[in-house]
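Just target_22.tsv here, TSV, C-alpha atoms and all ligand atoms:
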```
chain	number	residue	atom	x	y	z
M	29	MET	CA	-12.33	22.81	-15.08
M	30	LYS	CA	-8.56	22.57	-14.67
M	31	PRO	CA	-6.74	22.47	-18.04
M	32	LEU	CA	-4.55	19.43	-18.64
M	33	LEU	CA	-1.73	19.25	-21.17
M	34	TYR	CA	-0.99	15.86	-22.76
M	35	VAL	CA	2.49	15.24	-24.23
M	36	ARG	CA	3.61	12.05	-25.94
M	37	ALA	CA	7.37	11.60	-25.48
M	38	GLY	CA	9.42	9.95	-28.23
M	39	SER	CA	12.64	9.57	-26.25
M	40	VAL	CA	13.85	9.61	-22.64
M	41	ALA	CA	15.43	13.04	-23.25
M	42	GLU	CA	12.15	14.37	-24.63
M	43	ALA	CA	10.25	13.02	-21.61
M	44	ALA	CA	12.72	14.64	-19.21
M	45	ALA	CA	12.55	17.94	-21.08
M	46	ALA	CA	8.75	17.94	-20.93
M	47	HIS	CA	8.95	17.44	-17.15
M	48	ALA	CA	11.64	20.04	-16.48
M	49	GLY	CA	10.42	23.02	-14.45
M	50	ARG	CA	6.95	21.52	-14.01
M	51	PRO	CA	6.61	20.03	-10.51
M	52	GLU	CA	2.97	19.17	-11.24
M	53	ALA	CA	3.84	17.10	-14.33
M	54	ARG	CA	3.36	13.31	-14.14
M	55	TYR	CA	4.68	10.52	-16.31
M	56	LEU	CA	1.88	8.36	-17.65
M	57	GLY	CA	2.46	4.60	-17.87
M	58	GLY	CA	-0.62	2.40	-18.19
M	59	GLY	CA	-2.56	5.02	-16.22
M	60	THR	CA	-4.34	2.35	-14.16
M	61	ASN	CA	-3.40	4.04	-10.89
M	62	LEU	CA	-2.72	7.63	-11.89
M	63	VAL	CA	-5.97	8.13	-13.80
M	64	ASP	CA	-7.99	6.56	-10.95
M	65	LEU	CA	-6.38	9.01	-8.52
M	66	MET	CA	-7.11	11.92	-10.88
M	67	LYS	CA	-10.78	10.93	-10.92
M	68	LEU	CA	-10.77	10.94	-7.10
M	69	GLY	CA	-9.10	14.38	-7.00
M	70	VAL	CA	-6.06	12.96	-5.19
M	71	GLU	CA	-3.77	13.68	-8.16
M	72	ARG	CA	-4.23	16.98	-10.02
M	73	PRO	CA	-1.42	17.11	-12.61
M	74	GLU	CA	-1.05	19.97	-15.06
M	75	VAL	CA	0.82	17.89	-17.62
M	76	LEU	CA	0.67	14.20	-18.46
M	77	ILE	CA	3.77	12.92	-20.23
M	78	ASP	CA	2.89	9.67	-21.97
M	79	ILE	CA	5.96	7.43	-21.87
M	80	THR	CA	4.43	4.28	-23.31
M	81	ARG	CA	6.02	4.84	-26.73
M	82	LEU	CA	9.57	5.04	-25.32
M	83	PRO	CA	11.86	2.19	-26.38
M	84	LEU	CA	11.74	0.70	-22.88
M	85	ASP	CA	9.35	-2.17	-23.56
M	86	GLN	CA	11.77	-5.09	-23.80
M	87	VAL	CA	13.15	-7.74	-21.46
M	88	GLU	CA	16.80	-8.14	-22.39
M	89	GLU	CA	19.32	-10.79	-21.28
M	90	LEU	CA	22.75	-9.35	-20.46
M	91	PRO	CA	26.08	-11.19	-21.00
M	92	ASP	CA	26.40	-12.03	-17.27
M	93	GLY	CA	22.96	-13.70	-17.28
M	94	ALA	CA	21.16	-10.76	-15.65
M	95	LEU	CA	17.84	-9.55	-17.08
M	96	ARG	CA	17.08	-5.91	-17.76
M	97	ILE	CA	13.34	-5.23	-17.64
M	98	GLY	CA	12.31	-2.07	-19.46
M	99	ALA	CA	10.18	0.40	-17.51
M	100	THR	CA	7.22	0.12	-19.87
M	101	VAL	CA	7.14	-3.68	-20.13
M	102	ARG	CA	3.52	-4.59	-19.39
M	103	ASN	CA	2.85	-6.74	-16.32
M	104	SER	CA	1.31	-9.54	-18.45
M	105	ASP	CA	4.29	-9.62	-20.82
M	106	LEU	CA	6.73	-9.77	-17.91
M	107	ALA	CA	4.80	-12.52	-16.13
M	108	GLY	CA	4.70	-14.60	-19.31
M	109	HIS	CA	8.27	-14.01	-20.48
M	110	PRO	CA	9.97	-17.42	-20.91
M	111	LEU	CA	13.18	-16.42	-19.07
M	112	VAL	CA	11.21	-14.96	-16.17
M	113	ARG	CA	9.04	-18.06	-15.88
M	114	GLU	CA	12.07	-20.34	-16.06
M	115	ARG	CA	14.50	-18.47	-13.78
M	116	TYR	CA	12.35	-16.28	-11.53
M	117	PRO	CA	9.00	-18.05	-11.01
M	118	VAL	CA	8.50	-15.95	-7.87
M	119	LEU	CA	8.29	-12.86	-10.08
M	120	SER	CA	5.83	-14.38	-12.50
M	121	GLN	CA	3.66	-15.66	-9.63
M	122	ALA	CA	3.69	-12.27	-7.88
M	123	LEU	CA	2.56	-10.47	-11.02
M	124	LEU	CA	-0.17	-12.99	-11.78
M	125	SER	CA	-1.52	-12.65	-8.23
M	126	GLY	CA	-2.15	-8.94	-8.76
M	127	ALA	CA	-5.07	-6.98	-10.23
M	128	SER	CA	-6.85	-8.65	-13.18
M	129	GLY	CA	-5.87	-9.85	-16.65
M	130	GLN	CA	-7.15	-6.63	-18.24
M	131	LEU	CA	-5.23	-4.42	-15.81
M	132	ARG	CA	-2.03	-6.45	-16.16
M	133	ASN	CA	-2.25	-6.08	-19.95
M	134	VAL	CA	-1.96	-2.30	-19.50
M	135	ALA	CA	0.02	-1.76	-16.30
M	136	THR	CA	3.76	-1.18	-16.66
M	137	THR	CA	6.75	-2.29	-14.60
M	138	ALA	CA	7.63	1.23	-13.40
M	139	GLY	CA	4.01	2.22	-12.83
M	140	ASN	CA	3.51	-0.84	-10.65
M	141	LEU	CA	6.49	0.09	-8.46
M	142	LEU	CA	5.27	3.68	-8.17
M	143	GLN	CA	1.58	2.98	-7.56
M	144	ARG	CA	0.27	4.75	-4.46
M	145	THR	CA	-1.07	3.16	-1.29
M	146	ARG	CA	-4.63	1.82	-1.23
M	147	CYS	CA	-5.28	3.38	2.20
M	148	ALA	CA	-8.93	4.48	2.04
M	149	TYR	CA	-8.15	7.74	3.89
M	150	PHE	CA	-5.53	8.63	1.30
M	151	GLN	CA	-8.06	8.10	-1.48
M	152	ASP	CA	-10.77	10.22	0.20
M	153	VAL	CA	-9.96	13.91	-0.16
M	154	GLY	CA	-12.42	14.68	2.65
M	155	LYS	CA	-10.30	12.81	5.22
M	156	PRO	CA	-7.06	13.81	6.98
M	157	CYS	CA	-3.98	12.19	5.46
M	158	ASN	CA	-0.34	13.20	5.93
M	159	LYS	CA	0.62	11.44	2.71
M	160	ARG	CA	-1.84	13.47	0.63
M	161	VAL	CA	-1.68	16.73	2.62
M	162	PRO	CA	1.41	16.86	4.86
M	163	GLY	CA	0.54	17.99	8.37
M	164	SER	CA	-3.20	17.20	8.11
M	165	GLY	CA	-3.00	14.10	10.34
M	166	CYS	CA	-3.45	10.37	9.76
M	167	GLY	CA	-7.05	9.18	9.59
M	168	ALA	CA	-6.05	5.53	9.73
M	169	LEU	CA	-3.98	5.70	12.92
M	170	ASP	CA	-7.07	5.69	15.16
M	171	GLY	CA	-9.51	4.77	12.39
M	172	VAL	CA	-10.18	1.53	10.56
M	173	ASN	CA	-6.72	0.05	10.09
M	174	ARG	CA	-7.29	-3.62	9.35
M	175	ASP	CA	-5.33	-3.39	6.07
M	176	HIS	CA	-2.48	-1.27	7.40
M	177	ALA	CA	1.12	-1.76	8.48
M	178	VAL	CA	2.51	-3.79	11.35
M	179	LEU	CA	6.19	-3.13	10.63
M	180	GLY	CA	8.16	0.10	10.20
M	181	HIS	CA	5.20	2.49	10.54
M	182	SER	CA	5.26	5.83	12.30
M	183	GLU	CA	2.77	8.08	14.11
M	184	HIS	CA	2.56	10.02	10.84
M	185	CYS	CA	1.54	7.16	8.54
M	186	VAL	CA	0.61	3.49	8.88
M	187	ALA	CA	0.01	2.75	5.18
M	188	THR	CA	1.28	-0.29	3.31
M	189	HIS	CA	2.75	-0.47	-0.18
M	190	PRO	CA	0.36	-2.37	-2.46
M	191	SER	CA	2.68	-3.80	-5.15
M	192	ASP	CA	3.17	-7.56	-5.43
M	193	LEU	CA	5.87	-7.14	-8.08
M	194	ALA	CA	8.00	-5.02	-5.71
M	195	VAL	CA	7.97	-7.76	-3.06
M	196	ALA	CA	9.35	-10.36	-5.47
M	197	LEU	CA	11.95	-7.89	-6.77
M	198	ALA	CA	13.03	-7.14	-3.19
M	199	ALA	CA	13.71	-10.83	-2.53
M	200	LEU	CA	15.66	-11.07	-5.81
M	201	ASP	CA	18.12	-8.19	-5.12
M	202	ALA	CA	16.78	-6.19	-8.06
M	203	VAL	CA	18.13	-2.74	-8.89
M	204	VAL	CA	16.07	0.23	-10.16
M	205	GLU	CA	17.58	2.25	-13.01
M	206	MET	CA	16.62	5.92	-13.36
M	207	ALA	CA	17.37	8.84	-15.66
M	208	GLY	CA	17.08	12.43	-14.47
M	209	PRO	CA	18.25	15.97	-14.98
M	210	GLY	CA	21.54	15.06	-13.24
M	211	GLY	CA	22.13	11.92	-15.37
M	212	GLY	CA	21.47	8.25	-14.71
M	213	ARG	CA	21.65	6.43	-11.38
M	214	THR	CA	20.73	3.11	-9.83
M	215	VAL	CA	19.18	2.25	-6.46
M	216	GLU	CA	18.66	-1.17	-4.93
M	217	LEU	CA	14.98	-2.04	-4.91
M	218	THR	CA	15.10	-2.57	-1.13
M	219	GLU	CA	16.22	1.06	-0.74
M	220	PHE	CA	13.91	2.51	-3.40
M	221	HIS	CA	10.70	2.60	-1.33
M	222	ARG	CA	10.87	4.54	1.94
M	223	LEU	CA	9.55	4.01	5.44
M	224	PRO	CA	7.12	6.81	6.32
M	225	GLN	CA	8.97	8.38	9.27
M	226	ASP	CA	7.86	12.05	9.43
M	227	SER	CA	7.53	12.53	5.66
M	228	PRO	CA	5.03	9.95	4.36
M	229	ASP	CA	4.25	12.14	1.35
M	230	GLN	CA	7.45	10.68	-0.14
M	231	ASP	CA	6.83	7.05	-1.06
M	232	THR	CA	10.23	6.49	-2.66
M	233	VAL	CA	13.65	8.05	-3.13
M	234	ILE	CA	12.91	9.11	-6.72
M	235	ASN	CA	13.53	12.82	-7.34
M	236	PRO	CA	11.05	15.13	-9.11
M	237	GLY	CA	11.38	14.66	-12.87
M	238	GLU	CA	13.38	11.43	-12.62
M	239	LEU	CA	12.18	8.65	-14.88
M	240	ILE	CA	12.51	4.94	-14.13
M	241	THR	CA	14.05	3.44	-17.26
M	242	GLY	CA	14.31	-0.17	-16.14
M	243	VAL	CA	14.90	-2.78	-13.47
M	244	LEU	CA	17.98	-4.97	-13.38
M	245	LEU	CA	17.52	-8.52	-12.15
M	246	PRO	CA	20.82	-10.22	-11.20
M	247	PRO	CA	21.33	-13.90	-12.02
M	248	LEU	CA	20.49	-16.30	-9.19
M	249	PRO	CA	22.93	-18.99	-8.00
M	250	GLY	CA	22.41	-22.28	-9.86
M	251	GLY	CA	19.66	-24.47	-8.48
M	252	THR	CA	17.83	-21.63	-6.70
M	253	VAL	CA	14.09	-22.22	-6.35
M	254	SER	CA	11.61	-19.45	-5.67
M	255	ARG	CA	7.95	-18.88	-4.82
M	256	TYR	CA	5.38	-16.17	-4.04
M	257	ARG	CA	2.35	-16.63	-1.82
M	258	LYS	CA	-0.27	-14.02	-1.08
M	259	ALA	CA	-3.23	-13.92	1.33
M	260	ARG	CA	-6.12	-11.66	0.32
M	261	ASP	CA	-9.82	-11.19	0.89
M	262	ARG	CA	-10.84	-12.57	-2.54
M	263	ALA	CA	-9.18	-14.98	-4.93
M	264	SER	CA	-8.57	-12.21	-7.49
M	265	PHE	CA	-8.75	-8.43	-7.88
M	266	ALA	CA	-7.57	-7.92	-4.29
M	267	PHE	CA	-4.44	-6.53	-2.70
M	268	ALA	CA	-2.27	-8.50	-0.28
M	269	LEU	CA	-3.22	-8.61	3.38
M	270	ALA	CA	0.14	-10.30	3.72
M	271	SER	CA	2.44	-11.95	1.21
M	272	VAL	CA	5.85	-13.55	1.06
M	273	ALA	CA	8.42	-13.90	-1.72
M	274	ALA	CA	11.37	-16.22	-1.27
M	275	ALA	CA	14.32	-17.52	-3.30
M	276	VAL	CA	16.47	-20.30	-1.81
M	277	GLN	CA	19.45	-22.34	-2.92
M	278	MET	CA	20.09	-25.56	-0.96
M	279	ARG	CA	23.27	-27.62	-1.09
M	280	GLY	CA	24.01	-30.70	1.03
M	281	GLY	CA	20.95	-30.06	3.16
M	282	VAL	CA	22.15	-26.55	4.04
M	283	VAL	CA	20.85	-23.12	2.91
M	284	ARG	CA	23.51	-21.55	0.62
M	285	HIS	CA	21.57	-18.56	-0.70
M	286	ILE	CA	18.37	-16.99	0.58
M	287	GLY	CA	16.28	-13.89	-0.16
M	288	VAL	CA	12.97	-13.35	1.66
M	289	ALA	CA	10.59	-10.39	1.56
M	290	PHE	CA	7.15	-9.68	3.02
M	291	GLY	CA	4.39	-7.68	1.34
M	292	GLY	CA	1.30	-6.09	2.87
M	293	LEU	CA	3.04	-5.47	6.19
M	294	ALA	CA	4.86	-2.17	5.71
M	295	HIS	CA	5.23	1.07	3.79
M	296	ARG	CA	7.73	-0.73	1.57
M	297	PRO	CA	8.48	-4.33	0.64
M	298	TRP	CA	9.99	-5.71	3.83
M	299	ARG	CA	13.21	-7.63	3.24
M	300	ALA	CA	13.47	-10.20	6.02
M	301	ARG	CA	17.18	-9.93	6.80
M	302	ARG	CA	16.85	-11.50	10.25
M	303	THR	CA	15.11	-14.55	8.81
M	304	GLU	CA	17.79	-14.86	6.15
M	305	ALA	CA	20.67	-14.52	8.64
M	306	ALA	CA	19.15	-17.16	10.91
M	307	LEU	CA	18.84	-19.71	8.09
M	308	LEU	CA	21.92	-19.08	5.96
M	309	GLY	CA	24.47	-21.87	6.40
M	310	SER	CA	22.18	-24.06	8.48
M	311	ALA	CA	19.82	-26.99	8.02
M	312	PRO	CA	16.29	-25.57	7.75
M	313	THR	CA	14.28	-27.87	9.98
M	314	PRO	CA	10.65	-26.78	10.49
M	315	GLU	CA	11.61	-25.57	13.97
M	316	ALA	CA	14.56	-23.55	12.62
M	317	VAL	CA	12.36	-21.99	9.91
M	318	ALA	CA	9.72	-21.00	12.47
M	319	ARG	CA	12.35	-19.48	14.77
M	320	ALA	CA	13.88	-17.56	11.84
M	321	VAL	CA	10.49	-16.16	10.78
M	322	ASP	CA	9.65	-15.24	14.38
M	323	ALA	CA	12.97	-13.40	14.65
M	324	GLU	CA	11.80	-11.06	11.88
M	325	LEU	CA	8.23	-10.64	13.01
M	326	ALA	CA	9.25	-9.90	16.61
M	327	ALA	CA	9.62	-6.29	15.43
M	328	ALA	CA	5.91	-6.09	14.52
M	329	VAL	CA	3.76	-3.50	16.30
M	330	PRO	CA	0.16	-4.21	15.29
M	331	LEU	CA	-2.51	-1.51	15.26
M	332	ARG	CA	-6.00	-1.88	16.75
M	333	ASP	CA	-7.46	-3.96	13.89
M	334	ASN	CA	-4.56	-5.83	12.31
M	335	ALA	CA	-2.83	-8.13	14.81
M	336	TYR	CA	-4.03	-11.00	12.61
M	337	LYS	CA	-1.41	-10.00	10.02
M	338	VAL	CA	1.46	-11.20	12.19
M	339	SER	CA	0.24	-14.79	12.47
M	340	LEU	CA	-0.92	-14.74	8.84
M	341	ALA	CA	2.53	-13.64	7.62
M	342	ARG	CA	4.17	-16.21	9.91
M	343	ASP	CA	2.08	-19.05	8.48
M	344	LEU	CA	2.72	-17.94	4.88
M	345	ALA	CA	6.47	-17.64	5.39
M	346	CYS	CA	6.81	-20.97	7.22
M	347	GLU	CA	4.85	-22.73	4.48
M	348	VAL	CA	6.79	-21.13	1.60
M	349	LEU	CA	10.22	-21.63	3.18
M	350	GLY	CA	9.29	-25.16	4.22
M	351	SER	CA	8.31	-26.05	0.65
M	352	LEU	CA	11.44	-24.47	-0.89
M	353	THR	CA	13.82	-26.21	1.51
M	354	ALA	CA	12.15	-29.63	1.71
M	355	PRO	CA	14.37	-32.54	0.56
M	356	THR	CA	13.43	-33.64	-2.98
P	1	LIG	C1	-8.91	-2.96	-9.12
P	1	LIG	C2	-7.42	-2.98	-9.06
P	1	LIG	C3	-6.79	-4.03	-8.41
P	1	LIG	C4	-5.40	-4.07	-8.33
P	1	LIG	N1	-4.78	-5.11	-7.67
P	1	LIG	C5	-3.42	-5.12	-7.56
P	1	LIG	C6	-2.75	-6.15	-6.85
P	1	LIG	O1	-3.36	-7.06	-6.31
P	1	LIG	N2	-1.39	-6.10	-6.79
P	1	LIG	C7	-0.67	-5.11	-7.38
P	1	LIG	O2	0.56	-5.13	-7.30
P	1	LIG	N3	-1.28	-4.13	-8.04
P	1	LIG	C8	-2.63	-4.11	-8.15
P	1	LIG	N4	-3.25	-3.09	-8.79
P	1	LIG	C9	-2.47	-1.93	-9.19
P	1	LIG	C10	-1.97	-2.02	-10.57
P	1	LIG	O3	-1.07	-3.07	-10.66
P	1	LIG	C11	-1.30	-0.66	-10.78
P	1	LIG	O4	-2.35	0.27	-10.96
P	1	LIG	C12	-0.39	-0.67	-11.96
P	1	LIG	O5	0.65	-1.60	-11.80
P	1	LIG	C13	0.20	0.70	-12.18
P	1	LIG	O6	0.91	0.68	-13.40
P	1	LIG	P1	0.59	1.75	-14.52
P	1	LIG	O7	1.60	1.54	-15.59
P	1	LIG	O8	-0.83	1.75	-14.93
P	1	LIG	O9	0.95	3.08	-13.70
P	1	LIG	P2	0.40	4.55	-13.88
P	1	LIG	O10	-0.96	4.64	-13.29
P	1	LIG	O11	0.60	5.02	-15.27
P	1	LIG	O12	1.46	5.33	-12.96
P	1	LIG	C14	1.56	5.12	-11.58
P	1	LIG	C15	2.56	6.16	-11.04
P	1	LIG	O13	3.87	5.89	-11.55
P	1	LIG	C16	4.39	7.04	-12.23
P	1	LIG	N5	5.19	6.50	-13.33
P	1	LIG	C17	4.79	5.58	-14.26
P	1	LIG	N6	5.84	5.20	-15.01
P	1	LIG	C18	6.93	5.91	-14.57
P	1	LIG	C19	8.31	5.93	-14.92
P	1	LIG	N7	8.81	5.15	-15.90
P	1	LIG	N8	9.13	6.75	-14.23
P	1	LIG	C20	8.66	7.55	-13.25
P	1	LIG	N9	7.36	7.57	-12.87
P	1	LIG	C21	6.51	6.74	-13.51
P	1	LIG	C22	3.17	7.83	-12.66
P	1	LIG	O14	3.49	9.21	-12.81
P	1	LIG	C23	2.25	7.60	-11.48
P	1	LIG	O15	2.59	8.44	-10.42
P	1	LIG	C24	-4.63	-3.03	-8.92
P	1	LIG	C25	-5.27	-1.98	-9.58
P	1	LIG	C26	-6.64	-1.93	-9.64
P	1	LIG	C27	-7.28	-0.78	-10.34
P	2	LIG	S1	-1.97	5.70	6.85
P	2	LIG	FE1	-0.78	7.12	5.61
P	2	LIG	S2	-1.91	7.15	3.71
P	2	LIG	FE2	-3.33	6.39	5.27
P	2	LIG	S3	-4.36	8.17	6.21
P	2	LIG	FE3	-2.55	7.79	7.41
P	2	LIG	S4	-1.04	9.15	6.47
P	2	LIG	FE4	-2.63	8.88	4.97
```
What would the structure in this file look like if it were written as structure tokens?
Ligand SMILES: Cc1cc2nc3c(=O)[nH]c(=O)nc-3n(C[C@H](O)[C@H](O)[C@H](O)COP(=O)(O)OP(=O)(O)OC[C@H]3O[C@@H](n4cnc5c(N)ncnc54)[C@H](O)[C@@H]3O)c2cc1C
Ligand code: SF4
Amino acid sequence: MKPLLYVRAGSVAEAAAAHAGRPEARYLGGGTNLVDLMKLGVERPEVLIDITRLPLDQVEELPDGALRIGATVRNSDLAGHPLVRERYPVLSQALLSGASGQLRNVATTAGNLLQRTRCAYFQDVGKPCNKRVPGSGCGALDGVNRDHAVLGHSEHCVATHPSDLAVALAALDAVVEMAGPGGGRTVELTEFHRLPQDSPDQDTVINPGELITGVLLPPLPGGTVSRYRKARDRASFAFALASVAAAVQMRGGVVRHIGVAFGGLAHRPWRARRTEAALLGSAPTPEAVARAVDAELAAAVPLRDNAYKVSLARDLACEVLGSLTAPT
């Protein structure tokens, strides 16, 4: 049996010190993904650094109206926070569409962003997987790939990112805050998760030993409305086949602010910049919305089993954008 050291960190500095010089150390949030992967033999850490007692469990309003979400804020607490429900319903809806009540009570903000793909080949240590063992091949490429990516994939990996929270944060221009051996830094959420290219073992741009300390949510322009919609195999306890998060401000019948992101389609939340550019400053008739969504999804390259995702994502996006831009 492999020995495992458990450390409970009392401060960010203590957590970083416990990680230093130990590439096989892992921070432990709610453990709902990490511990599952340890049971499957996918993760084999030597040290678990429990960060759930760090003072990072608050949602704080900043003077400019932004919200700072601590890294260890539980998914249920974030979804139910009055300021989140009032100002960012898309975020609350995305969280509540994920996992189950019990899991959300334990899962943390940072852990949700850093959860690993649900690709069945990644989770099966008997199968080839470039993400788990670089250079071993991709079992899903010519295997069963119904749940996999249609955008931004490579010959090395066709996995999708499973987080619902990350999709909403991508549409909201959120920023990830990190602390590491070299000090603190911030990265826009849309740049935090990577496309697989030829190194799918790296899900994100986080460096070894870096700790997510929080997520910054900028204020939205007044009157912005937002929504999340997710298609899945079951009504609960199921990951997105496709999802869309959108935040829109209308003025005088014209789109004045727009953020749109897709989930379930790519290795990272997919910010739909082409859709946004097509609609910004114009009147969003149903035809214009459909054209704008098609402009984004024209880049899709479906695999053998997942062409259905393109029309599914199109229908979700047209419905969500149609509802957010409809005259009241
Ligand atoms: C049956 C089931 C269904 C699910 N359905 C959904 C769903 O529909 N949608 C969805 O979005 N999610 C879903 N999930 C995933 C669930 O939301 C994640 O497991 C959870 O959010 C992970 O959070 P955690 O705090 O438990 O992370 P952990 O398991 O503790 O950690 C995950 C990873 O993040 C790292 N980590 C944690 N915190 C930090 C930090 N502060 N800094 C640096 N690294 C850190 C850990 O080292 C680990 O690598 C489901 C899970 C299960 C088991
Ligand atoms: S899609 Fe990615 S995670 Fe899945 S088997 Fe291929 S390399 Fe591994």
Exercise. Closest to ligand LIG 2 (chain P) among M:Arg279, M:Arg284, M:His295, M:Arg262, using only C-alpha atoms and all ligand atoms?
Worked result: M:His295
Could you make a table, as CSV, of the residues of chain M that have an atom within 9 Å of an atom of ligand LIG 2 (chain P), each with its nearest atom pair and distance in Å to one decimal, counting all atoms listed in the file, in chain and number order?
```
residue,atom,partner,partner_atom,distance
M:Arg144,CA,P:LIG2,S2,8.8
M:Thr145,CA,P:LIG2,S2,6.5
M:Arg146,CA,P:LIG2,S2,7.8
M:Cys147,CA,P:LIG2,FE2,4.7
M:Ala148,CA,P:LIG2,FE2,6.7
M:Tyr149,CA,P:LIG2,S3,4.5
M:Phe150,CA,P:LIG2,S2,4.6
M:Gln151,CA,P:LIG2,S2,8.1
M:Lys155,CA,P:LIG2,S3,7.6
M:Pro156,CA,P:LIG2,S3,6.3
M:Cys157,CA,P:LIG2,FE4,3.6
M:Asn158,CA,P:LIG2,S4,4.1
M:Lys159,CA,P:LIG2,S4,4.7
M:Arg160,CA,P:LIG2,FE4,6.4
M:Val161,CA,P:LIG2,FE4,8.2
M:Pro162,CA,P:LIG2,S4,8.2
M:Ser164,CA,P:LIG2,S4,8.5
M:Gly165,CA,P:LIG2,S4,6.6
M:Cys166,CA,P:LIG2,FE3,3.6
M:Gly167,CA,P:LIG2,S3,4.4
M:Ala168,CA,P:LIG2,S3,4.7
M:Leu169,CA,P:LIG2,FE3,6.1
M:Gly171,CA,P:LIG2,S3,8.7
M:Asn173,CA,P:LIG2,S1,8.1
M:His176,CA,P:LIG2,S1,7.0
M:Ala177,CA,P:LIG2,S1,8.2
M:His181,CA,P:LIG2,S1,8.7
M:Glu183,CA,P:LIG2,FE3,8.6
M:His184,CA,P:LIG2,S4,5.7
M:Cys185,CA,P:LIG2,FE1,3.7
M:Val186,CA,P:LIG2,S1,4.0
M:Ala187,CA,P:LIG2,S1,3.9
M:Thr188,CA,P:LIG2,S1,7.7
M:Pro224,CA,P:LIG2,FE1,7.9
M:Pro228,CA,P:LIG2,S4,6.5
M:Asp229,CA,P:LIG2,S4,7.9
M:His295,CA,P:LIG2,FE1,8.7
```
Residues of chain M that approach ligand LIG 1 (chain P) to 6 Å or less, counting only C-alpha atoms and all ligand atoms: could you list each one with the shortest pair of atoms and its distance in Å to one decimal, rows by chain and increasing residue number, as CSV?
```
residue,atom,partner,partner_atom,distance
M:Arg54,CA,P:LIG1,O14,4.3
M:Tyr55,CA,P:LIG1,O14,3.9
M:Leu56,CA,P:LIG1,O11,4.3
M:Gly57,CA,P:LIG1,O11,3.2
M:Gly58,CA,P:LIG1,O8,3.3
M:Gly59,CA,P:LIG1,O11,3.3
M:Thr60,CA,P:LIG1,O8,3.6
M:Asn61,CA,P:LIG1,O10,3.5
M:Leu62,CA,P:LIG1,O10,3.7
M:Ala99,CA,P:LIG1,N7,5.2
M:Gly126,CA,P:LIG1,O1,3.3
M:Ala127,CA,P:LIG1,N1,3.2
M:Ala135,CA,P:LIG1,O7,3.7
M:Thr136,CA,P:LIG1,O7,3.6
M:Ala138,CA,P:LIG1,N6,4.6
M:Gly139,CA,P:LIG1,O9,3.3
M:Asn140,CA,P:LIG1,O5,3.2
M:Leu142,CA,P:LIG1,O13,4.3
M:Gln143,CA,P:LIG1,C14,4.6
M:Pro190,CA,P:LIG1,O2,5.6
M:Ser191,CA,P:LIG1,O2,3.3
M:Asp192,CA,P:LIG1,O2,4.0
M:Leu193,CA,P:LIG1,O2,5.7
M:Leu239,CA,P:LIG1,N8,3.7
M:Ile240,CA,P:LIG1,N8,3.8
M:Thr241,CA,P:LIG1,N7,5.7
M:Phe265,CA,P:LIG1,C3,4.8
M:Ala266,CA,P:LIG1,O1,4.7
M:Phe267,CA,P:LIG1,O1,3.8
```
Exercise. Which one of M:Asp343, M:Glu324, M:Asp201, M:Glu71 sits closest to Ala270 in chain M if you count all atoms listed in the file?
Worked result: M:Asp343
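Every protein, DNA or RNA residue with an atom at most 12 Å from Pro110 in chain M, where all atoms listed in the file count and chain neighbours fewer than 2 positions away do not, is listed here: Val87, Glu88, Glu89, Leu95, Ser104, Asp105, Leu106, Ala107, Gly108, Val112, Arg113, Glu114, Arg115, Tyr116, Pro117, Leu119 and Ser120 of chain M.
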For this session: With a distance cut-off of 12 Å and only C-alpha atoms, select the neighbouring residues of range 74-84 of chain M, excluding the residue or stretch itself and same-chain residues fewer than 4 positions from it, and output the selection as an MDAnalysis selection string.
Result: chainID M and resid 29:59 62:63 66 88 96:102 134:139 205:206 237 239:243
Exercise. Got a sec: who's within 6 Å of Ala275 in chain M, counting all atoms listed in the file, leaving out chain neighbours fewer than 3 positions off, as a list in words?
Worked result: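 After dropping sequence-adjacent residues, the list is Val253, Ser254, Ile286 and Gly287 of chain M.
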Write the residues of the preceding selection, restricted to C-alpha atoms, as an mmCIF file, in the coordinates of the input.
```cif
data_model
loop_
_atom_site.group_PDB
_atom_site.id
_atom_site.type_symbol
_atom_site.label_atom_id
_atom_site.label_comp_id
_atom_site.auth_asym_id
_atom_site.auth_seq_id
_atom_site.Cartn_x
_atom_site.Cartn_y
_atom_site.Cartn_z
ATOM 1 C CA VAL M 253 14.090 -22.220 -6.350
ATOM 2 C CA SER M 254 11.610 -19.450 -5.670
ATOM 3 C CA ILE M 286 18.370 -16.990 0.580
ATOM 4 C CA GLY M 287 16.280 -13.890 -0.160
#
```
Exercise. Hey, what's within 6 Å of Ala207 in chain M if we count all atoms listed in the file and toss same-chain stuff fewer than 4 positions away? As a ChimeraX atom specification, please?
Worked result: /M:211-212,238-239
Problem set entry | Point-to-point distance from CA of Val153 in chain M to CA of Ala294 in chain M, Å rounded to tenths |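 Distance between the two atoms: 22.6 Å.
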Seminar exercise, completed: Computed gap from CA of Leu179 in chain M to CA of Leu308 in chain M is 22.9 Å
For this session: Give me, please, the distance in Å between CA of Gly350 in chain M and CA of Gly292 in chain M, quoted to one decimal.
Result: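 Computed distance, CA of Gly350 in chain M to CA of Gly292 in chain M, equals 20.7 Å.
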Given 5 Å on each side, where is the centre and what are the edge lengths in Å to one decimal of the axis-aligned box enclosing the listed atoms of range 70-82 of chain M, as AutoDock Vina command-line options?
```
--center_x 1.8 --center_y 12.1 --center_z -16.0 --size_x 25.6 --size_y 25.7 --size_z 31.5
```
Problem set entry | M:Leu197, M:Ile234, M:Val338, M:Ala94 ranked by distance to Val215 in chain M, top pick (using only C-alpha atoms) |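 For Val215 in chain M, the nearest of the candidates is M:Ile234.
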For this session: List the neighbours of Ala202 in chain M out to 9 Å using only C-alpha atoms; skip same-chain residues closer than 3 positions along the sequence, and give me the result as a PyMOL selection string.
Result: chain M and resi 196-199+215-218+243-246
